[in-house]
Each structure stands twice: as C-alpha cells, then as structure tokens.
>>> print(open('target00.cif').read())   # mmCIF, C-alpha atoms; chains and numbers go by the auth columns
data_run
#
loop_
_atom_site.group_PDB
_atom_site.id
_atom_site.type_symbol
_atom_site.label_atom_id
_atom_site.label_comp_id
_atom_site.label_asym_id
_atom_site.label_seq_id
_atom_site.Cartn_x
_atom_site.Cartn_y
_atom_site.Cartn_z
_atom_site.B_iso_or_equiv
_atom_site.auth_seq_id
_atom_site.auth_asym_id
ATOM 1 C CA MET A 1 0.000 0.000 0.000 0.00 1 A
ATOM 2 C CA ARG A 2 2.918 2.364 0.650 0.00 2 A
ATOM 3 C CA GLY A 3 4.048 2.237 -2.993 0.00 3 A
ATOM 4 C CA ARG A 4 0.735 3.688 -4.073 0.00 4 A
ATOM 5 C CA HIS A 5 1.305 6.682 -1.795 0.00 5 A
ATOM 6 C CA LEU A 6 4.856 7.126 -3.107 0.00 6 A
ATOM 7 C CA GLY A 7 3.566 7.599 -6.650 0.00 7 A
ATOM 8 C CA SER A 8 1.086 10.275 -5.611 0.00 8 A
ATOM 9 C CA ASP A 9 3.727 11.915 -3.387 0.00 9 A
ATOM 10 C CA LEU A 10 6.166 12.092 -6.314 0.00 10 A
ATOM 11 C CA ALA A 11 3.452 13.554 -8.547 0.00 11 A
ATOM 12 C CA LEU A 12 2.825 16.220 -5.900 0.00 12 A
ATOM 13 C CA VAL A 13 6.552 17.062 -5.770 0.00 13 A
ATOM 14 C CA ALA A 14 6.697 17.273 -9.583 0.00 14 A
ATOM 15 C CA ASP A 15 3.648 19.568 -9.626 0.00 15 A
ATOM 16 C CA GLY A 16 5.244 21.727 -6.941 0.00 16 A
ATOM 17 C CA LEU A 17 8.459 22.066 -8.935 0.00 17 A
ATOM 18 C CA ARG A 18 6.459 22.994 -12.053 0.00 18 A
ATOM 19 C CA ILE A 19 4.551 25.678 -10.120 0.00 19 A
ATOM 20 C CA GLY A 20 7.788 26.960 -8.583 0.00 20 A
ATOM 21 C CA LYS A 21 9.466 27.214 -11.969 0.00 21 A
ATOM 22 C CA GLN A 22 6.452 28.831 -13.620 0.00 22 A
ATOM 23 C CA TYR A 23 5.324 31.244 -10.884 0.00 23 A
ATOM 24 C CA GLY A 24 8.292 31.455 -8.520 0.00 24 A
ATOM 25 C CA PHE A 25 9.112 29.524 -5.389 0.00 25 A
ATOM 26 C CA HIS A 26 7.499 32.173 -3.186 0.00 26 A
ATOM 27 C CA SER A 27 4.154 30.905 -4.574 0.00 27 A
ATOM 28 C CA LEU A 28 4.959 27.444 -3.193 0.00 28 A
ATOM 29 C CA GLU A 29 5.773 28.927 0.211 0.00 29 A
ATOM 30 C CA VAL A 30 2.431 30.759 0.290 0.00 30 A
ATOM 31 C CA MET A 31 0.587 27.591 -0.776 0.00 31 A
ATOM 32 C CA ALA A 32 2.300 25.629 2.021 0.00 32 A
ATOM 33 C CA VAL A 33 1.342 28.258 4.601 0.00 33 A
ATOM 34 C CA ILE A 34 -2.273 28.144 3.418 0.00 34 A
ATOM 35 C CA ALA A 35 -2.314 24.319 3.516 0.00 35 A
ATOM 36 C CA TRP A 36 -0.812 24.355 7.030 0.00 36 A
ATOM 37 C CA TYR A 37 -3.437 26.867 8.179 0.00 37 A
ATOM 38 C CA LEU A 38 -6.314 24.893 6.665 0.00 38 A
ATOM 39 C CA GLU A 39 -5.139 21.617 8.184 0.00 39 A
ATOM 40 C CA ARG A 40 -4.981 23.171 11.639 0.00 40 A
ATOM 41 C CA SER A 41 -8.277 25.042 11.289 0.00 41 A
ATOM 42 C CA ILE A 42 -10.333 22.111 9.945 0.00 42 A
ATOM 43 C CA TYR A 43 -9.191 18.991 11.798 0.00 43 A
ATOM 44 C CA GLU A 44 -9.668 19.168 15.536 0.00 44 A
ATOM 45 C CA ARG A 45 -6.208 18.018 16.630 0.00 45 A
ATOM 46 C CA GLY A 46 -6.436 15.213 19.175 0.00 46 A
ATOM 47 C CA SER A 47 -10.050 14.356 18.318 0.00 47 A
ATOM 48 C CA LEU A 48 -9.138 10.953 16.835 0.00 48 A
ATOM 49 C CA ARG A 49 -10.477 8.612 19.472 0.00 49 A
ATOM 50 C CA SER A 50 -11.409 5.018 20.061 0.00 50 A
ATOM 51 C CA ILE A 51 -15.124 4.211 20.263 0.00 51 A
ATOM 52 C CA PRO A 52 -16.743 0.777 20.620 0.00 52 A
ATOM 53 C CA GLY A 53 -15.905 -1.093 17.402 0.00 53 A
ATOM 54 C CA GLY A 54 -13.883 1.645 15.769 0.00 54 A
ATOM 55 C CA ILE A 55 -12.820 5.271 15.691 0.00 55 A
ATOM 56 C CA ALA A 56 -14.285 8.774 15.620 0.00 56 A
ATOM 57 C CA PHE A 57 -12.817 12.197 14.812 0.00 57 A
ATOM 58 C CA ASP A 58 -14.084 15.737 14.458 0.00 58 A
ATOM 59 C CA LEU A 59 -13.739 18.421 11.817 0.00 59 A
ATOM 60 C CA ARG A 60 -14.534 22.050 12.340 0.00 60 A
ATOM 61 C CA ASN A 61 -16.295 23.362 9.282 0.00 61 A
ATOM 62 C CA PRO A 62 -15.027 26.831 8.395 0.00 62 A
ATOM 63 C CA PRO A 63 -16.477 28.572 5.350 0.00 63 A
ATOM 64 C CA LEU A 64 -14.514 26.624 2.769 0.00 64 A
ATOM 65 C CA ARG A 65 -15.516 24.673 -0.327 0.00 65 A
ATOM 66 C CA MET A 66 -18.344 22.906 1.412 0.00 66 A
ATOM 67 C CA GLY A 67 -21.762 22.180 0.074 0.00 67 A
ATOM 68 C CA ALA A 68 -23.686 19.198 -1.205 0.00 68 A
ATOM 69 C CA PHE A 69 -21.855 15.925 -1.796 0.00 69 A
ATOM 70 C CA ARG A 70 -23.024 12.889 -3.749 0.00 70 A
ATOM 71 C CA ALA A 71 -20.581 10.417 -2.174 0.00 71 A
ATOM 72 C CA ALA A 72 -18.256 10.046 0.793 0.00 72 A
ATOM 73 C CA SER A 73 -15.461 7.574 1.477 0.00 73 A
ATOM 74 C CA LEU A 74 -12.955 7.039 4.257 0.00 74 A
ATOM 75 C CA ALA A 75 -9.626 5.211 4.320 0.00 75 A
ATOM 76 C CA TRP A 76 -8.035 4.040 7.587 0.00 76 A
ATOM 77 C CA ASP A 77 -4.284 3.497 7.410 0.00 77 A
ATOM 78 C CA GLY A 78 -4.526 3.333 3.620 0.00 78 A
ATOM 79 C CA ASP A 79 -7.354 0.771 3.516 0.00 79 A
ATOM 80 C CA LEU A 80 -10.768 1.827 2.241 0.00 80 A
ATOM 81 C CA VAL A 81 -13.495 1.304 4.867 0.00 81 A
ATOM 82 C CA PRO A 82 -16.840 0.064 3.470 0.00 82 A
ATOM 83 C CA PRO A 83 -19.365 2.944 3.245 0.00 83 A
ATOM 84 C CA SER A 84 -21.801 0.875 5.340 0.00 84 A
ATOM 85 C CA ALA A 85 -19.266 1.055 8.220 0.00 85 A
ATOM 86 C CA CYS A 86 -18.922 4.880 8.234 0.00 86 A
ATOM 87 C CA THR A 87 -21.139 7.732 9.394 0.00 87 A
ATOM 88 C CA VAL A 88 -21.050 11.510 9.352 0.00 88 A
ATOM 89 C CA HIS A 89 -22.857 13.503 12.049 0.00 89 A
ATOM 90 C CA PRO A 90 -23.087 17.259 11.464 0.00 90 A
ATOM 91 C CA SER A 91 -23.840 18.979 14.783 0.00 91 A
ATOM 92 C CA ASP A 92 -26.976 20.544 13.301 0.00 92 A
ATOM 93 C CA ARG A 93 -28.542 17.109 12.646 0.00 93 A
ATOM 94 C CA VAL A 94 -30.212 14.828 15.179 0.00 94 A
ATOM 95 C CA GLU A 95 -28.979 11.517 13.742 0.00 95 A
ATOM 96 C CA PRO A 96 -25.735 10.429 12.053 0.00 96 A
ATOM 97 C CA ILE A 97 -25.853 9.835 8.298 0.00 97 A
ATOM 98 C CA PRO A 98 -24.463 6.523 6.984 0.00 98 A
ATOM 99 C CA PHE A 99 -22.051 7.005 4.057 0.00 99 A
ATOM 100 C CA ASP A 100 -23.946 4.384 2.036 0.00 100 A
ATOM 101 C CA SER A 101 -27.113 6.518 2.169 0.00 101 A
ATOM 102 C CA VAL A 102 -25.402 9.490 0.481 0.00 102 A
ATOM 103 C CA SER A 103 -26.167 9.839 -3.241 0.00 103 A
ATOM 104 C CA ALA A 104 -26.917 12.423 -5.919 0.00 104 A
ATOM 105 C CA ASP A 105 -30.612 12.053 -5.038 0.00 105 A
ATOM 106 C CA SER A 106 -29.909 12.269 -1.287 0.00 106 A
ATOM 107 C CA PRO A 107 -26.792 14.455 -0.970 0.00 107 A
ATOM 108 C CA LEU A 108 -24.803 15.102 2.183 0.00 108 A
ATOM 109 C CA GLU A 109 -25.095 18.800 2.962 0.00 109 A
ATOM 110 C CA LEU A 110 -22.330 20.351 5.058 0.00 110 A
ATOM 111 C CA ARG A 111 -22.846 23.981 5.984 0.00 111 A
ATOM 112 C CA PRO A 112 -20.128 26.402 7.107 0.00 112 A
ATOM 113 C CA GLY A 113 -19.570 26.978 10.810 0.00 113 A
ATOM 114 C CA ILE A 114 -20.643 23.612 12.243 0.00 114 A
ATOM 115 C CA ARG A 115 -18.692 20.798 13.890 0.00 115 A
ATOM 116 C CA ILE A 116 -18.875 17.416 12.166 0.00 116 A
ATOM 117 C CA GLU A 117 -18.180 14.014 13.738 0.00 117 A
ATOM 118 C CA PHE A 118 -17.123 11.097 11.539 0.00 118 A
ATOM 119 C CA THR A 119 -17.096 7.469 12.684 0.00 119 A
ATOM 120 C CA ALA A 120 -15.744 4.295 11.122 0.00 120 A
ATOM 121 C CA ALA A 121 -16.112 0.678 12.256 0.00 121 A
ATOM 122 C CA VAL A 122 -12.487 -0.430 11.904 0.00 122 A
ATOM 123 C CA GLY A 123 -12.207 -2.621 15.003 0.00 123 A
ATOM 124 C CA ALA A 124 -10.131 -1.685 18.024 0.00 124 A
ATOM 125 C CA PRO A 125 -7.274 0.555 16.839 0.00 125 A
ATOM 126 C CA SER A 126 -3.720 -0.321 17.852 0.00 126 A
ATOM 127 C CA PRO A 127 -1.580 2.204 19.731 0.00 127 A
ATOM 128 C CA GLY A 128 0.532 4.641 17.746 0.00 128 A
ATOM 129 C CA PRO A 129 -0.066 6.991 14.838 0.00 129 A
ATOM 130 C CA HIS A 130 -2.788 6.280 12.299 0.00 130 A
ATOM 131 C CA SER A 131 -3.851 7.979 9.078 0.00 131 A
ATOM 132 C CA VAL A 132 -7.382 8.900 8.090 0.00 132 A
ATOM 133 C CA ARG A 133 -8.285 10.070 4.591 0.00 133 A
ATOM 134 C CA LEU A 134 -11.742 11.466 3.952 0.00 134 A
ATOM 135 C CA GLU A 135 -12.935 11.975 0.366 0.00 135 A
ATOM 136 C CA LEU A 136 -16.109 13.830 -0.606 0.00 136 A
ATOM 137 C CA ARG A 137 -17.470 13.966 -4.163 0.00 137 A
ATOM 138 C CA SER A 138 -19.331 17.187 -4.860 0.00 138 A
ATOM 139 C CA LEU A 139 -22.535 17.459 -6.848 0.00 139 A
ATOM 140 C CA ALA A 140 -21.261 20.544 -8.673 0.00 140 A
ATOM 141 C CA ILE A 141 -17.454 20.554 -8.623 0.00 141 A
ATOM 142 C CA PRO A 142 -15.688 17.706 -10.449 0.00 142 A
ATOM 143 C CA PRO A 143 -12.531 17.307 -8.323 0.00 143 A
ATOM 144 C CA ILE A 144 -12.711 15.245 -5.157 0.00 144 A
ATOM 145 C CA VAL A 145 -12.586 17.269 -1.962 0.00 145 A
ATOM 146 C CA TRP A 146 -10.254 15.328 0.329 0.00 146 A
ATOM 147 C CA PHE A 147 -8.607 15.668 3.679 0.00 147 A
ATOM 148 C CA GLU A 148 -5.910 13.468 5.182 0.00 148 A
ATOM 149 C CA VAL A 149 -4.514 13.560 8.711 0.00 149 A
ATOM 150 C CA MET A 150 -2.191 11.476 10.848 0.00 150 A
ATOM 151 C CA ASP A 151 -2.786 11.432 14.610 0.00 151 A
ATOM 152 C CA HIS A 152 -2.575 9.183 17.661 0.00 152 A
ATOM 153 C CA VAL A 153 -5.818 7.554 18.822 0.00 153 A
ATOM 154 C CA LYS A 154 -7.062 8.614 22.229 0.00 154 A
ATOM 155 C CA VAL A 155 -8.425 5.719 24.250 0.00 155 A
ATOM 156 C CA PRO A 156 -11.122 6.615 26.804 0.00 156 A
ATOM 157 C CA GLU A 157 -10.074 6.065 30.398 0.00 157 A
ATOM 158 C CA ALA A 158 -11.873 3.349 32.330 0.00 158 A
ATOM 159 C CA PRO A 159 -14.307 4.674 34.956 0.00 159 A
ATOM 160 C CA GLY A 160 -12.704 4.969 38.378 0.00 160 A
ATOM 161 C CA SER A 161 -9.101 5.155 37.082 0.00 161 A
#
>>> encode(input="target00.cif", output="structure tokens")
Amino acid sequence: MRGRHLGSDLALVADGLRIGKQYGFHSLEVMAVIAWYLERSIYERGSLRSIPGGIAFDLRNPPLRMGAFRAASLAWDGDLVPPSACTVHPSDRVEPIPFDSVSADSPLELRPGIRIEFTAAVGAPSPGPHSVRLELRSLAIPPIVWFEVMDHVKVPEAPGS
C-alpha cells in the first residue's frame, strides 16, 4: 500500500516544482502556509479517538468549499473502509448519516460553521499513529474534496481510574 502513496507523493513534488518554476518559489511557500493553516483550522487536533468497534474524529467546518456531496469515502491506514461502516454527524442534525445513504438524489449537505463528527467501524485501533483520509465527491465541482490527517488515537479512560 505504501508504494501507491509514493507515486502520488512524487506527482505532488513534480507539480510543486512545475509551479515553482512557472510562478516562482514564493508561490509554493504561500501555498504551504495556506495548507498548514487549513489543516490546523479544519481537523480538531487530538479528536481521533477510540469508540466501541472503531474510531471517531471531528472536523470544524469553516467557510470553505463545502456544500452538497453525492458520495463520501474514508480510508483508515490506507485501507478503504466500506461505506456501510462509516457515518457523518453534522452537529446541526439529530442523527448520524451513513455514508452508504449518500447519493446524488440524497446528498450530504455540510454547511459552514458547524462541527462534524465522523465514525468508522475499523475494530479496536492499535496504539501509535494512524492515518485517516476522507474523500467527498461534490454534486457541482468535479474534483474530489479530500482531507488526510495522521494522529494518535485517544483511548477513553476506564471509569474509576
């Protein structure tokens, strides 16, 4: 699975060098600062936690390229999790929404300014760092909106400890 990431990482480096050559390397520095800011303003650092049967994490939803999505997918440590094992729970909704219920006819609507909890049934996570990649396919915009983070899983303390 790591080789697949290496290819996309090399493509990203090649694209960066092309942008640097065409527009100047200061442009790359500004893009990196923006990416760093977005990562820290969207993902709630330390929210990756163990829940019964899997994991949960939270995103803060600033006014970015959000909207209506026709599909959602989640990868845990590079492995795609079945849509039936994942949910999204915007804080303005009463119930979580299963990924497999999201479609063009029943889109997932994410509005700016709300907190969103995602869950995935991946079994009990092992200690150490883990990666989570979330992909959302928009109704209107062709490219996939994606977010990837690496964090350590917090395990809830046992009562009375």
>>> resolve_selection(input="target00.cif", expression="the PyMOL selection byres ((chain A and resi 90) around 9)", output="short mmCIF file (atom, residue, chain, number, x, y, z; two decimals) with C-alpha atoms, keeping the file's coordinate frame")
data_model
loop_
_atom_site.label_atom_id
_atom_site.label_comp_id
_atom_site.auth_asym_id
_atom_site.auth_seq_id
_atom_site.Cartn_x
_atom_site.Cartn_y
_atom_site.Cartn_z
CA VAL A 88 -21.05 11.51 9.35
CA HIS A 89 -22.86 13.50 12.05
CA SER A 91 -23.84 18.98 14.78
CA ASP A 92 -26.98 20.54 13.30
CA ARG A 93 -28.54 17.11 12.65
CA VAL A 94 -30.21 14.83 15.18
CA GLU A 95 -28.98 11.52 13.74
CA PRO A 96 -25.74 10.43 12.05
CA ILE A 97 -25.85 9.84 8.30
CA GLU A 109 -25.10 18.80 2.96
CA LEU A 110 -22.33 20.35 5.06
CA ARG A 111 -22.85 23.98 5.98
CA ILE A 114 -20.64 23.61 12.24
CA ARG A 115 -18.69 20.80 13.89
CA ILE A 116 -18.88 17.42 12.17
CA GLU A 117 -18.18 14.01 13.74
CA PHE A 118 -17.12 11.10 11.54
#
>>> closest_residue(input="target00.cif", among="A:Ala14, A:Ile51, A:Ala75, A:Val102", to="A:Leu134", atoms="all atoms listed in the file")
A:Ala75
>>> resolve_selection(input="target00.cif", expression="the PyMOL selection byres ((chain A and resi 120-123) around 8)", output="PyMOL selection string")
chain A and resi 52-56+74+76+81+85-87+118-119+124-125
>>> write_last_selection(input="target00.cif", atoms="C-alpha atoms", output="short mmCIF file (atom, residue, chain, number, x, y, z; two decimals), in the coordinates of the input")
data_model
loop_
_atom_site.label_atom_id
_atom_site.label_comp_id
_atom_site.auth_asym_id
_atom_site.auth_seq_id
_atom_site.Cartn_x
_atom_site.Cartn_y
_atom_site.Cartn_z
CA PRO A 52 -16.74 0.78 20.62
CA GLY A 53 -15.90 -1.09 17.40
CA GLY A 54 -13.88 1.64 15.77
CA ILE A 55 -12.82 5.27 15.69
CA ALA A 56 -14.28 8.77 15.62
CA LEU A 74 -12.96 7.04 4.26
CA TRP A 76 -8.04 4.04 7.59
CA VAL A 81 -13.50 1.30 4.87
CA ALA A 85 -19.27 1.06 8.22
CA CYS A 86 -18.92 4.88 8.23
CA THR A 87 -21.14 7.73 9.39
CA PHE A 118 -17.12 11.10 11.54
CA THR A 119 -17.10 7.47 12.68
CA ALA A 124 -10.13 -1.68 18.02
CA PRO A 125 -7.27 0.56 16.84
#
>>> atom_distance(input="target00.cif", atom1="atom CA of A:Ala68", atom2="atom CA of A:Ser50")
28.4 Å
>>> closest_residue(input="target00.cif", among="A:Gly46, A:Gly67, A:Pro156, A:Gly113", to="A:Ser138", atoms="only C-alpha atoms")
A:Gly67
>>> atom_distance(input="target00.cif", atom1="atom CA of A:Arg60", atom2="atom CA of A:His130")
19.7 Å
